[in-house]
Every structure is written in C-alpha cells, then in structure tokens.
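A short worksheet on the structure shown next.
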Amino acid sequence: MRVLLADDHPHFSEMLATLLPARFEIIGNVGDGRSLVEAALRHKPDLILTYISMPVLNGIDAVEELRKLGCESKVIFLTVHSDAEFVRSCLACGALGYIVKPRVASDLLPAIQQVLAGHVFASIYDLDESPIP
C-alpha cells in the first residue's frame, strides 16, 4: 500500500509514519498543497493522508485539483477542525476520511480500513472528546 503524507508540521508527519504498519510504504512526505498535487500525480499513491490548512494551496483545494486531473487515490484528511462544515467540504472534494488530530492514534487504522473498502470514516469530537452527532 503506497501512502503519500502531506502536512506542514514535520514532527506530526514523523509521528504519523510510526503509526502505519510495515505493509504501508511511505512514498513521499510533502509540506504544502502544491507539492501534494505534484507528488500525487508523479507517484500515484493508493492513499493520501493530508492536512487541511497547508501553505501555498490548502488541502481541500489540492484534493479538488487532483480529482479534476483524474487522480483516484483514496484521501483521508487529518485536521484540528471539528466543525461539520469542514467535514462536508472534505467529503465534497472527494475524500472518504476525516480524522481530528487528537484522535489520530486511535482512529487512523480503522479509518484506513474503511476508506480502502470505499466507505466514509469521520471522527469528529468536541473539546471533551465526546462524539458530535
């Protein structure tokens, strides 16, 4: 399983890489949306794990551009935003997964399983970590 990471926080990307089992090959790690588009078109990953608020081109716009260019990689957004409007925007641009960063350690692998099977996965939690309906 070929995975492309896109996050402008290098320490988070490093931590994320440690959460992925050995069967996942990290084929790139980029820090902005424009680089995400270029790397995804070049490497054709099976899965993209991306942040929303990145420099140059945000993650949502980058994924929209990738879809217009025919990229079919599965996409999971990792974000600090728990607002339902962000979830809708991410799903509308073609992503199947949405995980708030405080839940990445517990939700990443279940999200990957669901997304690779073609299902939507969204973890949205408010400040007290209880699910938002």
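As shown in the structure tokens, the chain order sets the letters A, B, ...; within each chain, residues go from 1, and ligands are also counted from 1 in the order they appear.
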Sorted by chain and rising residue number, list the residues of stretch 74-125 of chain A at most 9 Å from stretch 15-29 of chain A (counting only C-alpha atoms), each with its closest atom pair and distance in Å to one decimal, as a Markdown table.
| residue | atom | partner | partner_atom | distance |
| --- | --- | --- | --- | --- |
| A:Val104 | CA | A:Leu16 | CA | 8.2 |
| A:Ala105 | CA | A:Leu19 | CA | 7.0 |
| A:Leu108 | CA | A:Leu19 | CA | 7.9 |
| A:Leu109 | CA | A:Leu20 | CA | 7.6 |
With N, CA and C atoms kept, could you save the residues just selected as an mmCIF file, in the first residue's frame?
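Output saved as again25.cif:
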data_model
loop_
_atom_site.group_PDB
_atom_site.id
_atom_site.type_symbol
_atom_site.label_atom_id
_atom_site.label_comp_id
_atom_site.auth_asym_id
_atom_site.auth_seq_id
_atom_site.Cartn_x
_atom_site.Cartn_y
_atom_site.Cartn_z
ATOM 1 N N VAL A 104 -6.048 10.795 16.060
ATOM 2 C CA VAL A 104 -5.308 10.068 15.021
ATOM 3 C C VAL A 104 -4.790 8.731 15.524
ATOM 4 N N ALA A 105 -4.201 8.691 16.694
ATOM 5 C CA ALA A 105 -3.612 7.440 17.186
ATOM 6 C C ALA A 105 -4.654 6.320 17.276
ATOM 7 N N LEU A 108 -6.733 6.168 13.155
ATOM 8 C CA LEU A 108 -6.080 6.081 11.854
ATOM 9 C C LEU A 108 -6.279 4.726 11.181
ATOM 10 N N LEU A 109 -5.966 3.646 11.850
ATOM 11 C CA LEU A 109 -6.068 2.336 11.206
ATOM 12 C C LEU A 109 -7.511 1.958 10.891
#
Residues of stretch 81-109 of chain A within 8 Å of stretch 113-122 of chain A: nearest atom pair and distance (Å, one decimal) for each, counting only C-alpha atoms, sorted by chain and number, as CSV?
residue,atom,partner,partner_atom,distance
A:Val87,CA,A:Ala122,CA,7.7
A:Leu96,CA,A:Val120,CA,4.7
A:Gly97,CA,A:Phe121,CA,4.7
A:Tyr98,CA,A:Ala122,CA,4.6
A:Ile99,CA,A:Ala122,CA,5.9
A:Leu109,CA,A:Gln113,CA,6.2
Grab the residues selected above and save them as a PDB file, in the first residue's frame with C-alpha atoms.
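That gives us again26.pdb:
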ATOM      1  CA  VAL A  87     -16.236  17.607   7.117  1.00  0.00           C
ATOM      2  CA  LEU A  96     -13.561   9.493   2.207  1.00  0.00           C
ATOM      3  CA  GLY A  97     -11.903  10.014   5.580  1.00  0.00           C
ATOM      4  CA  TYR A  98     -11.757  12.772   8.169  1.00  0.00           C
ATOM      5  CA  ILE A  99      -9.907  12.472  11.481  1.00  0.00           C
ATOM      6  CA  LEU A 109      -6.068   2.336  11.206  1.00  0.00           C
TER       7      LEU A 109
END
>> Need to verify the contact set: A:Asp7, 7 Å, only C-alpha atoms, exclusion of same-chain residues closer than 5 positions in sequence. Can you return it as a ChimeraX atom specification?
In response: /A:13,30-32,50-51,54
Save the residues we just selected, N, CA and C atoms, as a CSV table (one decimal), in the first residue's frame?
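Saved result, result.csv, follows:
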chain,number,residue,atom,x,y,z
A,13,SER,N,4.1,14.5,10.8
A,13,SER,CA,4.3,13.5,9.8
A,13,SER,C,5.2,12.4,10.2
A,30,VAL,N,5.2,15.6,1.9
A,30,VAL,CA,5.3,17.0,1.4
A,30,VAL,C,4.7,18.0,2.4
A,31,GLY,N,5.0,19.2,2.3
A,31,GLY,CA,4.6,20.2,3.3
A,31,GLY,C,3.7,21.3,2.8
A,32,ASP,N,3.2,21.2,1.6
A,32,ASP,CA,2.2,22.2,1.1
A,32,ASP,C,1.3,21.6,0.0
A,50,THR,N,-3.6,13.8,4.4
A,50,THR,CA,-3.3,15.2,4.2
A,50,THR,C,-4.0,16.0,5.3
A,51,TYR,N,-3.3,17.2,5.5
A,51,TYR,CA,-3.8,18.2,6.4
A,51,TYR,C,-4.6,19.2,5.6
A,54,MET,N,-2.7,24.0,4.9
A,54,MET,CA,-1.3,24.0,4.4
A,54,MET,C,-1.0,25.2,3.6
> DSSP says helix (DSSP H, G or I) for which residues of chain A? Put them as a ChimeraX atom specification?
Replying inline: /A:10-19,33-43,59-68,84-92,101-116
> Mind checking DSSP for chain A and telling me the strand (DSSP E) residues as a ChimeraX atom specification?
Replying inline: /A:2-6,25-30,47-51,74-79,97-100,121-123
> Do you know which residues are at most 10 Å from A:Ala39 counting only C-alpha atoms, after dropping those on the same chain fewer than 2 positions away, and could you put them as number ranges by chain?
Replying inline: A: 4-6, 27-30, 33-37, 41-45
Mind dumping the selected residues with all heavy atoms as a CSV table (one decimal), in the first residue's frame?
chain,number,residue,atom,x,y,z
A,4,LEU,N,1.1,8.6,0.5
A,4,LEU,CA,1.7,9.9,0.5
A,4,LEU,C,1.2,10.7,1.6
A,4,LEU,O,0.0,10.8,1.9
A,4,LEU,CB,1.3,10.6,-0.9
A,4,LEU,CG,1.7,12.1,-1.1
A,4,LEU,CD1,3.3,12.2,-1.1
A,4,LEU,CD2,1.2,12.6,-2.4
A,5,LEU,N,2.1,11.3,2.4
A,5,LEU,CA,1.8,12.2,3.5
A,5,LEU,C,1.9,13.6,3.1
A,5,LEU,O,2.9,14.0,2.5
A,5,LEU,CB,2.8,11.9,4.7
A,5,LEU,CG,2.9,10.5,5.2
A,5,LEU,CD1,3.9,10.4,6.3
A,5,LEU,CD2,1.5,10.0,5.7
A,6,ALA,N,1.0,14.5,3.6
A,6,ALA,CA,1.0,15.9,3.3
A,6,ALA,C,0.6,16.7,4.6
A,6,ALA,O,-0.5,16.7,4.9
A,6,ALA,CB,0.1,16.2,2.1
A,27,ILE,N,5.7,6.8,0.3
A,27,ILE,CA,6.4,7.2,-0.9
A,27,ILE,C,6.7,8.6,-1.0
A,27,ILE,O,7.4,9.1,-2.0
A,27,ILE,CB,5.5,6.7,-2.2
A,27,ILE,CG1,4.2,7.4,-2.2
A,27,ILE,CG2,5.4,5.2,-2.2
A,27,ILE,CD1,3.4,7.2,-3.4
A,28,GLY,N,6.3,9.4,-0.1
A,28,GLY,CA,6.6,10.9,-0.1
A,28,GLY,C,6.0,11.5,1.1
A,28,GLY,O,5.1,11.0,1.8
A,29,ASN,N,6.6,12.7,1.4
A,29,ASN,CA,6.2,13.5,2.6
A,29,ASN,C,6.3,14.9,2.2
A,29,ASN,O,7.5,15.4,2.1
A,29,ASN,CB,7.0,13.1,3.8
A,29,ASN,CG,6.5,13.8,5.1
A,29,ASN,OD1,5.7,14.7,5.0
A,29,ASN,ND2,7.0,13.3,6.2
A,30,VAL,N,5.2,15.6,1.9
A,30,VAL,CA,5.3,17.0,1.4
A,30,VAL,C,4.7,18.0,2.4
A,30,VAL,O,3.9,17.5,3.3
A,30,VAL,CB,4.6,17.1,0.0
A,30,VAL,CG1,5.3,16.3,-1.0
A,30,VAL,CG2,3.1,16.8,0.2
A,33,GLY,N,0.2,22.2,-0.3
A,33,GLY,CA,-0.7,21.7,-1.2
A,33,GLY,C,-0.3,21.6,-2.6
A,33,GLY,O,-0.6,20.6,-3.3
A,34,ARG,N,0.5,22.5,-3.1
A,34,ARG,CA,1.0,22.4,-4.4
A,34,ARG,C,2.0,21.2,-4.6
A,34,ARG,O,1.9,20.5,-5.6
A,34,ARG,CB,1.8,23.7,-4.8
A,34,ARG,CG,2.4,23.7,-6.2
A,34,ARG,CD,1.5,23.6,-7.4
A,34,ARG,NE,0.3,24.4,-7.3
A,34,ARG,CZ,-0.9,24.0,-7.7
A,34,ARG,NH1,-1.1,22.8,-8.3
A,34,ARG,NH2,-1.9,24.8,-7.6
A,35,SER,N,2.8,21.0,-3.6
A,35,SER,CA,3.7,19.8,-3.6
A,35,SER,C,2.9,18.5,-3.5
A,35,SER,O,3.3,17.5,-4.1
A,35,SER,CB,4.7,19.9,-2.5
A,35,SER,OG,5.5,21.0,-2.6
A,36,LEU,N,1.8,18.6,-2.8
A,36,LEU,CA,0.9,17.4,-2.7
A,36,LEU,C,0.4,17.0,-4.1
A,36,LEU,O,0.4,15.9,-4.5
A,36,LEU,CB,-0.3,17.7,-1.8
A,36,LEU,CG,-1.5,16.7,-1.8
A,36,LEU,CD1,-1.0,15.3,-1.5
A,36,LEU,CD2,-2.5,17.1,-0.9
A,37,VAL,N,-0.1,18.0,-4.9
A,37,VAL,CA,-0.6,17.8,-6.2
A,37,VAL,C,0.5,17.2,-7.1
A,37,VAL,O,0.3,16.1,-7.7
A,37,VAL,CB,-1.2,19.0,-6.8
A,37,VAL,CG1,-1.6,18.8,-8.3
A,37,VAL,CG2,-2.4,19.5,-6.0
A,41,LEU,N,0.4,13.2,-8.5
A,41,LEU,CA,0.4,12.9,-9.9
A,41,LEU,C,1.6,12.1,-10.4
A,41,LEU,O,1.5,11.3,-11.2
A,41,LEU,CB,0.3,14.2,-10.7
A,41,LEU,CG,-1.0,15.0,-10.6
A,41,LEU,CD1,-0.9,16.3,-11.3
A,41,LEU,CD2,-2.2,14.2,-11.0
A,42,ARG,N,2.8,12.4,-9.8
A,42,ARG,CA,4.0,11.7,-10.1
A,42,ARG,C,4.0,10.3,-9.6
A,42,ARG,O,4.4,9.3,-10.3
A,42,ARG,CB,5.2,12.5,-9.6
A,42,ARG,CG,6.6,11.9,-10.0
A,42,ARG,CD,7.8,12.8,-9.6
A,42,ARG,NE,7.4,14.1,-9.2
A,42,ARG,CZ,7.5,14.6,-7.9
A,42,ARG,NH1,7.9,13.9,-7.0
A,42,ARG,NH2,7.1,15.9,-7.7
A,43,HIS,N,3.6,10.1,-8.3
A,43,HIS,CA,3.8,8.8,-7.7
A,43,HIS,C,2.6,7.9,-7.7
A,43,HIS,O,2.6,6.7,-7.4
A,43,HIS,CB,4.3,9.0,-6.2
A,43,HIS,CG,5.6,9.6,-6.1
A,43,HIS,ND1,6.8,9.1,-6.6
A,43,HIS,CD2,6.0,10.8,-5.6
A,43,HIS,CE1,7.8,9.9,-6.4
A,43,HIS,NE2,7.3,11.0,-5.8
A,44,LYS,N,1.4,8.5,-7.9
A,44,LYS,CA,0.1,7.7,-7.9
A,44,LYS,C,-0.1,6.9,-6.7
A,44,LYS,O,-0.2,5.6,-6.8
A,44,LYS,CB,0.0,6.9,-9.2
A,44,LYS,CG,0.1,7.8,-10.4
A,44,LYS,CD,-0.2,7.0,-11.7
A,44,LYS,CE,-0.1,7.8,-13.0
A,44,LYS,NZ,0.0,9.2,-13.0
A,45,PRO,N,-0.1,7.5,-5.5
A,45,PRO,CA,-0.3,6.7,-4.3
A,45,PRO,C,-1.7,6.0,-4.2
A,45,PRO,O,-2.6,6.5,-4.8
A,45,PRO,CB,-0.2,7.7,-3.2
A,45,PRO,CG,-0.6,9.0,-3.8
A,45,PRO,CD,-0.2,8.9,-5.2
>> Using only C-alpha atoms, which protein or nucleic acid residues come within 9 Å of stretch 91-95 of chain A? Drop anything in the same chain fewer than 3 positions from it, and give the result as a list of chain:residue names.
In response: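 Those residues are A:Ile60, A:Asp61, A:Val63, A:Glu64, A:Glu65, A:Arg67, A:Lys74, A:Val75, A:Ile76, A:Phe77, A:Phe86, A:Val87, A:Arg88, A:Tyr98, A:Val115, A:Val120.
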Print the selection's residues with N, CA and C atoms to a file, as a JSON list (two decimals), in the first residue's frame.
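Written out: out00.json:
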[["chain", "number", "residue", "atom", "x", "y", "z"],
["A", 60, "ILE", "N", -7.88, 20.98, 0.89],
["A", 60, "ILE", "CA", -9.15, 20.79, 0.18],
["A", 60, "ILE", "C", -8.98, 21.18, -1.28],
["A", 61, "ASP", "N", -8.39, 22.34, -1.53],
["A", 61, "ASP", "CA", -8.18, 22.78, -2.91],
["A", 61, "ASP", "C", -7.24, 21.83, -3.66],
["A", 63, "VAL", "N", -6.90, 18.57, -3.15],
["A", 63, "VAL", "CA", -7.62, 17.35, -3.49],
["A", 63, "VAL", "C", -8.62, 17.62, -4.61],
["A", 64, "GLU", "N", -9.29, 18.77, -4.59],
["A", 64, "GLU", "CA", -10.19, 19.12, -5.70],
["A", 64, "GLU", "C", -9.42, 19.14, -7.03],
["A", 65, "GLU", "N", -8.24, 19.73, -7.02],
["A", 65, "GLU", "CA", -7.42, 19.79, -8.22],
["A", 65, "GLU", "C", -7.02, 18.38, -8.67],
["A", 67, "ARG", "N", -8.61, 15.61, -8.18],
["A", 67, "ARG", "CA", -9.78, 14.93, -8.75],
["A", 67, "ARG", "C", -10.04, 15.40, -10.18],
["A", 74, "LYS", "N", -7.25, 7.27, -2.73],
["A", 74, "LYS", "CA", -8.14, 7.45, -1.58],
["A", 74, "LYS", "C", -7.52, 8.55, -0.71],
["A", 75, "VAL", "N", -8.37, 9.38, -0.09],
["A", 75, "VAL", "CA", -7.88, 10.52, 0.70],
["A", 75, "VAL", "C", -8.52, 10.51, 2.08],
["A", 76, "ILE", "N", -7.66, 10.71, 3.08],
["A", 76, "ILE", "CA", -8.10, 10.92, 4.46],
["A", 76, "ILE", "C", -7.51, 12.24, 4.92],
["A", 77, "PHE", "N", -8.38, 13.13, 5.40],
["A", 77, "PHE", "CA", -7.92, 14.39, 5.97],
["A", 77, "PHE", "C", -7.65, 14.21, 7.45],
["A", 86, "PHE", "N", -16.37, 21.75, 7.76],
["A", 86, "PHE", "CA", -15.11, 21.25, 7.21],
["A", 86, "PHE", "C", -15.28, 19.80, 6.74],
["A", 87, "VAL", "N", -16.00, 19.00, 7.52],
["A", 87, "VAL", "CA", -16.24, 17.61, 7.12],
["A", 87, "VAL", "C", -16.96, 17.57, 5.77],
["A", 88, "ARG", "N", -18.02, 18.37, 5.65],
["A", 88, "ARG", "CA", -18.77, 18.41, 4.39],
["A", 88, "ARG", "C", -17.87, 18.84, 3.22],
["A", 98, "TYR", "N", -11.95, 11.52, 7.45],
["A", 98, "TYR", "CA", -11.76, 12.77, 8.17],
["A", 98, "TYR", "C", -11.48, 12.43, 9.63],
["A", 115, "VAL", "N", -11.87, 3.41, 4.54],
["A", 115, "VAL", "CA", -11.67, 4.18, 3.31],
["A", 115, "VAL", "C", -11.20, 3.27, 2.17],
["A", 120, "VAL", "N", -17.05, 5.74, 4.00],
["A", 120, "VAL", "CA", -16.69, 7.01, 4.63],
["A", 120, "VAL", "C", -16.38, 6.76, 6.10]]
